[in-house]
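> Pasting a structure below so you can have a look.
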Amino acid sequence: MLCWFTAMLVLAACQQAEEDVSVEENEEGENTVIEEENESEEEDENGSTEPSEEEHTEEEPEPAYTLNENNWGLEPIDDAEEEAVLITIDDAPDEHGVEMAETLEELDVTAIFFINHHFIDDEEGEEQLLEIMEHGHEIGNHTMTHANLQEISEEEVEDEIVDLNDEIERITGERPNFFRAPHGANTDHSWEVVEEEEMLGMNWTYGFDWEEEYTDPDALAEIMVETEHLQNGANLLMHDREWTNEALEDIILGLEDEGYDFIDPTEIEQENE
Ligand SMILES: [Zn+2]
């Protein structure tokens with residue numbers, strides 16, 4: 001009797017989860033005409049609905065993508081959707097991080113927000129960090145001060161990385177799973193520290209929002225979708241900036257129009273798995 005009751009509860013929860021994601025599928029349906037998508041998408045989306053919102057459980061979804069350390073793209077494991085990209089937002093949470101987190105959540109996209117300490121060193125910054133998490137996003141380490149790790153001592157490299165993890169854990173209760181070096185400037189020692197901290201370090205495939213010509217939202221939205229670098233598994237770099245915030249919805253919708261799905265960071269295989 002108890003088993004039956006539990007089973008019904010689980011079934012009800014699954015149905016609820018499916019309802020939550022069905023809106024996106026319907027809206028997307030017209031644009032994504034790739035047949036092979038249908039099967040794998042259901043599995044992906046059921047998995048990806050689990051860790052969001054308030055209830056953080058110990059259960060992570062099965063890894064569906066693995067990071068290619070030669071080009072920083074994501075490759076599907078087994079039957080995960082190939083035509084998908086990862087969204088990452090660096091230098092957060094500055095002026096627009098929370099709004100960007102909201103926009104992405106409304107569009108059913110989960111991103112990694114790479115954090116610097118100088119943005120979370122007061123009460124407002126701490127609250128913004130928590131809000132970004134509450135919108136379902138993954139938190140990454142982008143160092144304490146946005147230092148160039150190739151220009152400081154090994155001890156300073158450790159402090160840049162480990163001290164930020166300590167701070168993020170103090171504020172959120174969790175240590176980050178991802179690391180990105182400022183300017184993509186890694187060193188042998190920084191990789192060692194990242195590994196000791198059990199994080200997955202990554203650079204990116206492409207981004208444009210730091211180039212003068214793409215500080216215009218329309219120009220940025222266009223290049224992010226039309227660039228020749230857009231390909232399966234691309235790791236897209238954007239920043240917490242005014243023009244990127246303004247372009248964000250158009251970028252996501254444009255990528256969807258091109259047939260791309262979005263990789264949930266919790267589905268990326270960690271090094272120690
Ligand atoms: Zn940065």
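Each chain in the structure tokens gets a letter, A, B and so on, in the order shown; residues start at 1 in every chain, and ligands are counted from 1 in the order they appear.
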Please, which residues have at least one atom within 9 Å of an atom of ligand 1, using only C-alpha atoms and all ligand atoms, listed as a list in words?

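For ligand 1, the residues inside 9 Å are Ile89, Asp90, Asp91, Ala92, Phe114, Ile115, Asn116, His142, Thr143, His146, Arg180, Ala181, Pro182, His183, Gly184 and His239 of chain A.
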
> For segment 74-81 of chain A, list every protein, DNA or RNA residue within 6 Å, evaluated using only C-alpha atoms, and leave out those in the same chain fewer than 6 positions away; present the list as an NGL selection string.

:A and (40 or 64-68 or 233)

> So which residues of segment 84-241 of chain A fall under helix (DSSP H, G or I) by DSSP, listed as a compact mmCIF listing (two decimals) with C-alpha atoms, in the first residue's frame?


```
# COMPACT_ATOMS: atom_id res chain seq x y z
CA GLY A 97 23.83 39.63 -13.71
CA VAL A 98 20.53 39.11 -11.92
CA GLU A 99 18.50 40.44 -14.86
CA MET A 100 20.44 38.19 -17.23
CA ALA A 101 19.79 35.23 -14.92
CA GLU A 102 16.06 36.05 -15.02
CA THR A 103 15.99 36.43 -18.81
CA LEU A 104 17.71 33.08 -19.25
CA GLU A 105 15.36 31.34 -16.82
CA GLU A 106 12.34 32.74 -18.68
CA HIS A 117 35.05 38.43 -5.53
CA HIS A 118 34.92 42.20 -5.96
CA PHE A 119 31.31 41.80 -7.12
CA GLU A 123 25.64 42.55 1.16
CA GLU A 124 24.14 43.57 -2.19
CA GLY A 125 26.64 41.45 -4.09
CA GLU A 126 26.02 38.44 -1.84
CA GLU A 127 22.29 38.75 -2.46
CA GLN A 128 22.83 38.97 -6.20
CA LEU A 129 24.92 35.80 -6.11
CA LEU A 130 22.14 33.99 -4.26
CA GLU A 131 19.53 35.31 -6.69
CA ILE A 132 21.45 34.04 -9.70
CA MET A 133 21.51 30.59 -8.08
CA GLU A 134 17.81 30.82 -7.28
CA LEU A 149 47.32 34.16 -13.39
CA GLN A 150 50.37 34.12 -15.65
CA GLU A 151 51.68 37.31 -14.02
CA GLU A 154 52.08 30.40 -7.35
CA GLU A 155 50.96 31.34 -3.87
CA GLU A 156 48.93 34.23 -5.25
CA VAL A 157 47.36 31.90 -7.82
CA GLU A 158 46.20 29.65 -4.97
CA ASP A 159 44.73 32.59 -3.09
CA GLU A 160 42.95 33.88 -6.21
CA ILE A 161 41.22 30.53 -6.69
CA VAL A 162 40.81 28.92 -3.26
CA ASP A 163 39.83 32.06 -1.35
CA LEU A 164 36.98 32.68 -3.78
CA ASN A 165 35.72 29.12 -3.38
CA ASP A 166 35.79 29.63 0.40
CA GLU A 167 33.79 32.84 0.06
CA ILE A 168 31.24 31.37 -2.34
CA GLU A 169 30.79 28.39 -0.02
CA ARG A 170 30.33 30.71 2.96
CA ILE A 171 27.60 32.61 1.12
CA THR A 172 25.84 29.81 -0.77
CA PRO A 182 40.54 35.66 -16.51
CA HIS A 183 41.62 36.25 -20.13
CA GLY A 184 41.84 32.46 -20.48
CA ASP A 188 50.40 24.55 -14.98
CA HIS A 189 50.01 25.49 -11.35
CA SER A 190 46.54 27.00 -11.80
CA TRP A 191 45.41 23.74 -13.43
CA GLU A 192 46.76 21.85 -10.40
CA VAL A 193 44.84 24.08 -8.00
CA VAL A 194 41.67 23.74 -10.09
CA GLU A 195 42.05 19.96 -9.94
CA GLU A 196 42.70 19.96 -6.20
CA GLU A 212 34.23 47.82 -29.54
CA GLU A 213 32.25 47.03 -32.66
CA TYR A 214 29.97 44.64 -30.73
CA PRO A 217 23.17 45.09 -28.79
CA ASP A 218 21.91 44.53 -32.36
CA ALA A 219 25.40 43.98 -33.74
CA LEU A 220 26.20 41.61 -30.88
CA ALA A 221 22.97 39.61 -31.28
CA GLU A 222 23.73 39.20 -34.97
CA ILE A 223 27.36 38.12 -34.69
CA MET A 224 26.69 35.66 -31.83
CA VAL A 225 24.30 33.75 -34.09
CA GLU A 226 25.80 34.31 -37.54
```

> Among the residues of segment 94-272 of chain A, find those DSSP assigns to strand (DSSP E or B) from the backbone and print them as a list in words.

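Of segment 94-272 of chain A, only Ile112, Phe113, Phe114, Ile115, Glu138, Ile139, Gly140, Asn141, Phe178, Phe179, Leu200, Gly201, Tyr206, Asn235, Leu236, Leu237, Met238, His239, Asp261, Phe262 and Ile268 of chain A fall in strand (DSSP E or B).
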
> Go ahead and write the selection's residues with C-alpha atoms as a compact mmCIF listing (two decimals), in the first residue's frame.


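Below is the file result.txt, written as the result:
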```txt
# COMPACT_ATOMS: atom_id res chain seq x y z
CA ILE A 112 27.27 29.13 -15.81
CA PHE A 113 27.88 32.53 -14.17
CA PHE A 114 31.60 33.00 -13.52
CA ILE A 115 32.03 35.12 -10.39
CA GLU A 138 25.46 27.22 -11.98
CA ILE A 139 28.12 29.25 -10.20
CA GLY A 140 31.71 29.24 -11.46
CA ASN A 141 34.98 30.64 -10.08
CA PHE A 178 33.58 25.18 -12.68
CA PHE A 179 36.57 27.48 -13.16
CA LEU A 200 36.34 21.58 -14.16
CA GLY A 201 38.37 24.37 -15.79
CA TYR A 206 33.85 32.21 -29.03
CA ASN A 235 31.04 27.13 -25.49
CA LEU A 236 29.70 30.70 -25.74
CA LEU A 237 31.34 33.46 -23.71
CA MET A 238 29.40 36.56 -22.72
CA HIS A 239 29.83 39.08 -19.93
CA ASP A 261 19.41 23.48 -27.90
CA PHE A 262 21.14 24.57 -24.67
CA ILE A 268 28.61 18.24 -17.93
```

> So what do you get for atom CA of Thr187 of chain A versus atom CA of Ser153 of chain A, distance-wise?

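Here the two named atoms are 10.7 Å from each other.
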
> At what distance in Å, to one decimal, does atom CA of Asp209 of chain A lie from atom CA of Asn70 of chain A?

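Distance reported for this atom pair: 23.0 Å.
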
> Separation of atom CA of Ile87 of chain A and atom CA of Gly136 of chain A, in Å?

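Answer for the atom CA of Ile87 of chain A to atom CA of Gly136 of chain A separation: 13.2 Å.
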
> For Thr215 of chain A, which residue out of A:Asn245, A:Gln231, A:Thr145, A:Asn203 is the nearest one, using only C-alpha atoms?

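So, comparing all the options, the nearest one is A:Asn245.
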